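Report on the following structure.
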Amino acid sequence: MASVLQAQKISKRYGTKILFEELDLNINEGEKIALIAPNGTGKSSLLKIIAGIDSPDFNDNGESGNIKIFNSSGVAYLEQDPLFNPQNTLFDEVFNGEEEVAAITADYEKALLSGDATLLEKASHEMDRVNGWQHEIKVKQVLSSLNLENIWQKMGDLSGGQKKRAAIAKLILNGSDFIVMDEPTNHLDLEIIEYLEDYLKRSRVTILMVTHDRYFLDRVCNKIVELEGGKLYTYEGNYSYFLEKREERVQNFNAETERARNLFRTELEWMRRMPQARATKAKYRINAFYDLKEKANQKISQEKIKINTATSRLGSKIINCRKVSHSWGDLKTIEDFTYNFAKGEKIGLVGPNGVGKSTFLEVITGAIPLSIGEIDHGETLRIGYYRQNGLEFDPGESVIDAVRKIAEVVTLSDGSTMDVGRFLTRFLFPHSTHNTKIEKLSGGEKRRLYLVTVLMQSPNFLILDEPTNDLDIITLNILEEYLENFAGCVIVVSHDRFFLDKIAQHLFVFQGNGIIKDYVGTYSEYREQVKETEREKNTANHTPKQNIQDNKKESKPKLSYKEKKELEKIECELSVLEKEKDSLEAALNSGELVPDKLLDSSNRYSELLAKRDQLEFRWLELSEKED
C-alpha cells in the first residue's frame, strides 16, 4: 500500500512544556485514522504540523523533523473553529477556485445573478466549453446537503454552525485525496453529522482526524493512533477494539516496569557492595544498571477525573411549566409547552441548529422572560448550568484564583469537604498548573475547568448545553459515568449521539415553529423511527410507478435501441423531478419564503408537475409496446 505521508522525528514544545519528541508517523493510502489523546497533550498541534499550518521544533543538534507528502493534490485541512473574511460571501468562499472550471462556474453564477442576457450567453458558452455544468451541480448538491442555501450571504453574518458547514463544503470541493480534520463534528447538528459521516465512509480519501464523537469515529475510521506520554501507539480496528487493546498494553507495560524495579533493587545492592567494580571488567553491568534504572522509573499513569461532588436535596416540586410560549419577534421558539419535571429524569434535547433548544433552557431557568404561561421553581432547586459558550474567564487570571472566586471548599458526596486546590487535582489539574494563566490552557482544558466551576456548587438540576465540545474521550467517559448515577435531574443538549444514547432515555424533539414533541426512548431509537417513516413515505409515493413496472415485467415490450435509450433517460429524469418536487413542497410549506421567492417556487412547481405528467405518459407509451 502506497504511503501518503511520512513524518519523522517530529517534536513540539511550548515553553518548558514538552508535547511530544521525535515522533514518527506513516499514513498509507486509503487509511482513515482517528488520533486520540487527553486534552492539552498536543493533538491539534500535531495535526497543524501534518497539514503544514505549523512547523516542528528544532532539536538540540539544530535539526528539524521531516515531513514528506506523497500526494499531488496536497493536504486539505479542517480546523476546529474555521476563520473567514467576514466581508466575503459564501459564494466567494465556495465557488471560487484556482482551476479554470471553478473560475468559469463562478463567472456564470454572477452572470445569472446580473440578469444581463449578453453576459449570460457568453458565460453559458464558456460553461459548455469546459463542461462546467457538472462542477456547478456538484457545488450546489454539496451546499444543499449541508443546508447552505443563500450563497450571497456574508460570512460575518453566519452562525458558528453555518461557518463550520461552509468549511466542510470547501473541504469536500477541494478535491484533495488526503484530508486532516480537527473535531469535524463540533457545532454541527445531528443530520449534518450523519451526512458527513456517510460521505466520508463512501469516499476513498485518506483521513487523519481528531474527534470525540465515538459513533462517528467507529463508523468512519479503520485505524486509531493514540498519543500518550509523547509517544504514538497504533491500533488496527474500531473504538471498542482500541479500549480493549489499550488496557492490555498499559497492564503489560506496567508489569514489565514492575519486573524491572525488582531487578533494579538487586542491582542497586550490587552497586553499593561492589564500588571497586566500577573500574574493572564489570563496566558493562554498570551501564546496564543505569538503563535498568530508567526503565524502572517508567510507568503509564492512568489518571482519571474523579467526580464525587455532593448533590443538594431535591424536593418533589422541581420545575413546573404550564402553557409556556416564547418567540423572538415572528420566530416562535416555544408554543404551548406544559411539563412537570420529575426527580431522576435525564432528558435530551434534539433538533436542528437555530430551532430554539438553547432558548428553551434560558426560558425554563428564568434567564430570559417567557411570552405566555407560567413556570414555577421548587424551593430546593439548585441549577448547575453548563452553557454552550462557556464561562467568560479572565485570561490573565490563574486557574486556582478563578475557582476560588466561587468557593474555597467543595462538599463531596459523602458529606466531607475538600479545599479547591485538592479538588482541582481530581479534575487532572495538578498542583503545578494551579498558578498557570487561563490563557495558556488548551480549549479542552478550559472546558474542563468550566465543568469544575459548575459541579463544585453541588447542583441538583444539571443543564448541559453541548458539554462534549472540546472535551476529550477520557473525560467524557467519566462524565457519563457521573451523570448515569446522578440523583437529581439532567437536561442535555448534545450533537454527540453516543453521549445522548448513554445518558438520555427520554427526548424533547424540537420540530420548528415552537413545536416540542415528547419522545420516550433513546436518540438512536428515535432516528430509526424517523428513517422508517421516511421509507414508508417513499414506498407510498412510488407505489403506482412500481405497479407500472410490474405490468411491464408481465408483458415485456419490444423496443428499438433508440426507444430503450429514451426510456432510460425518462426514468432518470423522473427521479430528478421527484426529488426537486419534494424539495419545493418542503420550501412552500415552511412559511419562510419571501413573496418573490414564493411566486417563483410556485411557478416552478406547476411547471414541474406538467413536465412530470408529460414524461410519465411517454413512459407508459413505451412500456406498453408489445413484442
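Chain labels A, B, ... are given in the sequence in which chains occur in the C-alpha cells; within each chain residues are numbered consecutively from 1, and ligands are likewise numbered from 1 in the order shown.
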
Write out as number ranges by chain the residues lying within 9 Å of His377 in chain A, counting only C-alpha atoms and excluding same-chain residues fewer than 2 positions away.
-> A: 317-320, 364-365, 375, 379-381

Just to be explicit: take each residue in the selection above, keep N, CA and C atoms, and write the result as a PDB file, in the first residue's frame.
```pdb
ATOM      1  N   LYS A 317     -41.273  19.127  44.185  1.00  0.00           N
ATOM      2  CA  LYS A 317     -41.540  20.152  43.190  1.00  0.00           C
ATOM      3  C   LYS A 317     -40.203  20.645  42.642  1.00  0.00           C
ATOM      4  N   ILE A 318     -40.032  20.539  41.327  1.00  0.00           N
ATOM      5  CA  ILE A 318     -38.746  20.879  40.710  1.00  0.00           C
ATOM      6  C   ILE A 318     -38.933  22.077  39.778  1.00  0.00           C
ATOM      7  N   ILE A 319     -39.329  21.840  38.535  1.00  0.00           N
ATOM      8  CA  ILE A 319     -39.715  22.911  37.606  1.00  0.00           C
ATOM      9  C   ILE A 319     -41.022  22.485  36.943  1.00  0.00           C
ATOM     10  N   ASN A 320     -42.057  23.285  37.145  1.00  0.00           N
ATOM     11  CA  ASN A 320     -43.361  23.023  36.547  1.00  0.00           C
ATOM     12  C   ASN A 320     -43.654  24.078  35.485  1.00  0.00           C
ATOM     13  N   ILE A 364     -36.655  28.220  30.787  1.00  0.00           N
ATOM     14  CA  ILE A 364     -37.067  27.439  31.970  1.00  0.00           C
ATOM     15  C   ILE A 364     -36.227  27.769  33.201  1.00  0.00           C
ATOM     16  N   THR A 365     -35.027  28.311  32.985  1.00  0.00           N
ATOM     17  CA  THR A 365     -34.207  28.718  34.140  1.00  0.00           C
ATOM     18  C   THR A 365     -34.504  30.148  34.571  1.00  0.00           C
ATOM     19  N   ILE A 375     -44.065  29.400  34.870  1.00  0.00           N
ATOM     20  CA  ILE A 375     -43.002  28.472  35.255  1.00  0.00           C
ATOM     21  C   ILE A 375     -42.769  28.619  36.752  1.00  0.00           C
ATOM     22  N   GLU A 379     -38.571  25.095  45.834  1.00  0.00           N
ATOM     23  CA  GLU A 379     -37.747  25.833  46.798  1.00  0.00           C
ATOM     24  C   GLU A 379     -36.361  25.231  46.958  1.00  0.00           C
ATOM     25  N   THR A 380     -36.247  23.925  46.748  1.00  0.00           N
ATOM     26  CA  THR A 380     -34.941  23.270  46.946  1.00  0.00           C
ATOM     27  C   THR A 380     -34.105  23.223  45.661  1.00  0.00           C
ATOM     28  N   LEU A 381     -34.641  23.759  44.564  1.00  0.00           N
ATOM     29  CA  LEU A 381     -33.972  23.678  43.264  1.00  0.00           C
ATOM     30  C   LEU A 381     -32.635  24.422  43.277  1.00  0.00           C
TER      31      LEU A 381
END
```

Excluding same-chain residues fewer than 6 positions from Met418 in chain A, what lies within 7 Å of it counting only C-alpha atoms, as a ChimeraX atom specification?
-> /A:409-411

Could you please take those selected residues and save N, CA and C atoms as a tab-separated table (two decimals), in the first residue's frame?
```tsv
chain	number	residue	atom	x	y	z
A	409	VAL	N	-13.96	25.81	49.49
A	409	VAL	CA	-14.06	24.37	49.75
A	409	VAL	C	-15.21	23.78	48.95
A	410	VAL	N	-15.14	22.47	48.72
A	410	VAL	CA	-16.17	21.75	47.95
A	410	VAL	C	-16.69	20.61	48.82
A	411	THR	N	-18.02	20.45	48.84
A	411	THR	CA	-18.63	19.36	49.59
A	411	THR	C	-18.72	18.13	48.69
```

Polymer residues at most 9 Å from range 43-50 of chain A, only C-alpha atoms, same-chain spacing of 4 or more positions, as a PyMOL selection string | chain A and resi 5+7+10-12+19-20+35-39+54-56+67+75+77+79-80+180-182+208-210+227

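Proximity ranking of A:Thr522, A:Asn28, A:Asn389, A:Leu23 relative to Lys231 in chain A places A:Leu23 first, based on only C-alpha atoms.
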
Using DSSP on the backbone coordinates, identify the residues of range 316-517 of chain A assigned to helix (DSSP H, G or I); present them as a VMD selection string.
-> chain A and resid 357 to 364 399 to 404 420 to 426 431 to 433 438 to 440 443 to 455 473 to 484 497 to 503

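Those residues that approach Gln6 in chain A to within 10 Å, counting only C-alpha atoms, are Ser3, Val4, Gln8, Asp24, Leu25, Asn26, Ile27, Asn28, Ile50, Asn66, Ile67, Lys68, Ile69 and Phe70 of chain A; same-chain residues fewer than 2 positions away are not listed.
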
Please produce a file of the residues just selected, as an mmCIF file, in the first residue's frame, where the atoms kept are C-alpha atoms.
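Here's the written file part.cif:
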```
data_model
loop_
_atom_site.group_PDB
_atom_site.id
_atom_site.type_symbol
_atom_site.label_atom_id
_atom_site.label_comp_id
_atom_site.auth_asym_id
_atom_site.auth_seq_id
_atom_site.Cartn_x
_atom_site.Cartn_y
_atom_site.Cartn_z
ATOM 1 C CA SER A 3 2.357 5.967 1.550
ATOM 2 C CA VAL A 4 0.542 9.287 1.526
ATOM 3 C CA GLN A 8 9.991 11.504 11.066
ATOM 4 C CA ASP A 24 7.391 9.004 13.629
ATOM 5 C CA LEU A 25 4.126 8.575 11.729
ATOM 6 C CA ASN A 26 3.336 6.836 8.445
ATOM 7 C CA ILE A 27 -0.076 7.149 6.757
ATOM 8 C CA ASN A 28 -0.966 4.871 3.864
ATOM 9 C CA ILE A 50 0.999 17.466 9.425
ATOM 10 C CA ASN A 66 10.999 15.791 8.310
ATOM 11 C CA ILE A 67 7.557 15.521 6.673
ATOM 12 C CA LYS A 68 7.040 14.107 3.187
ATOM 13 C CA ILE A 69 3.674 14.255 1.401
ATOM 14 C CA PHE A 70 3.280 11.780 -1.488
#
```

Contacts of Gly30 in chain A at 7 Å (only C-alpha atoms; same-chain gap of 6+ positions) as a PDB file with N, CA and C atoms, in the first residue's frame:
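As a result, part_28.pdb now contains:
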```
ATOM      1  N   ARG A 204     -13.066   7.604  -0.956  1.00  0.00           N
ATOM      2  CA  ARG A 204     -11.798   6.876  -0.957  1.00  0.00           C
ATOM      3  C   ARG A 204     -10.648   7.722  -0.425  1.00  0.00           C
ATOM      4  N   VAL A 205     -10.951   8.884   0.118  1.00  0.00           N
ATOM      5  CA  VAL A 205      -9.895   9.764   0.611  1.00  0.00           C
ATOM      6  C   VAL A 205      -9.189   9.153   1.816  1.00  0.00           C
ATOM      7  N   THR A 206      -7.959   9.592   2.025  1.00  0.00           N
ATOM      8  CA  THR A 206      -7.191   9.235   3.216  1.00  0.00           C
ATOM      9  C   THR A 206      -7.467  10.295   4.276  1.00  0.00           C
TER      10      THR A 206
END
```

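Proximity of A:Phe84, A:Phe393, A:Tyr526, A:Tyr450 to Leu507 in chain A, computed with only C-alpha atoms, is greatest for A:Tyr526.
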
Could you state the separation of CA of Ser524 in chain A and CA of Tyr195 in chain A in Å, given to one decimal place?
->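 One can read the CA of Ser524 in chain A to CA of Tyr195 in chain A distance as 15.4 Å.
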
Excluding Trp328 in chain A and any residue of its chain fewer than 2 positions from it, enumerate the residues within 10 Å of it, using only C-alpha atoms, and give them as a PyMOL selection string.
-> chain A and resi 326+330-334+356+359+371

Export of prior selection with N, CA and C atoms as an mmCIF file, in the first residue's frame:
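File written: selection-v4.cif
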```
data_model
loop_
_atom_site.group_PDB
_atom_site.id
_atom_site.type_symbol
_atom_site.label_atom_id
_atom_site.label_comp_id
_atom_site.auth_asym_id
_atom_site.auth_seq_id
_atom_site.Cartn_x
_atom_site.Cartn_y
_atom_site.Cartn_z
ATOM 1 N N HIS A 326 -42.874 31.168 23.844
ATOM 2 C CA HIS A 326 -41.850 32.197 23.702
ATOM 3 C C HIS A 326 -41.588 32.421 22.221
ATOM 4 N N ASP A 330 -41.331 37.409 15.113
ATOM 5 C CA ASP A 330 -42.233 36.469 14.440
ATOM 6 C C ASP A 330 -41.755 35.020 14.550
ATOM 7 N N LEU A 331 -40.555 34.826 15.078
ATOM 8 C CA LEU A 331 -39.996 33.474 15.177
ATOM 9 C C LEU A 331 -40.428 32.809 16.478
ATOM 10 N N LYS A 332 -41.242 31.763 16.358
ATOM 11 C CA LYS A 332 -41.700 31.017 17.542
ATOM 12 C C LYS A 332 -40.629 30.005 17.946
ATOM 13 N N THR A 333 -40.270 30.025 19.207
ATOM 14 C CA THR A 333 -39.301 29.047 19.710
ATOM 15 C C THR A 333 -39.969 28.006 20.617
ATOM 16 N N ILE A 334 -41.008 28.418 21.353
ATOM 17 C CA ILE A 334 -41.765 27.507 22.221
ATOM 18 C C ILE A 334 -43.244 27.829 22.048
ATOM 19 N N GLY A 356 -34.200 26.559 18.595
ATOM 20 C CA GLY A 356 -34.642 27.092 19.888
ATOM 21 C C GLY A 356 -34.290 26.287 21.115
ATOM 22 N N THR A 359 -32.552 28.523 23.703
ATOM 23 C CA THR A 359 -33.557 29.481 24.195
ATOM 24 C C THR A 359 -34.477 28.805 25.203
ATOM 25 N N SER A 371 -43.025 34.524 27.015
ATOM 26 C CA SER A 371 -44.045 35.401 26.448
ATOM 27 C C SER A 371 -45.406 35.141 27.068
#
```

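Among the candidates A:Asp218, A:Asp470, A:Glu247, A:Asp394, the one nearest to Phe498 in chain A when counting only C-alpha atoms is A:Asp218.
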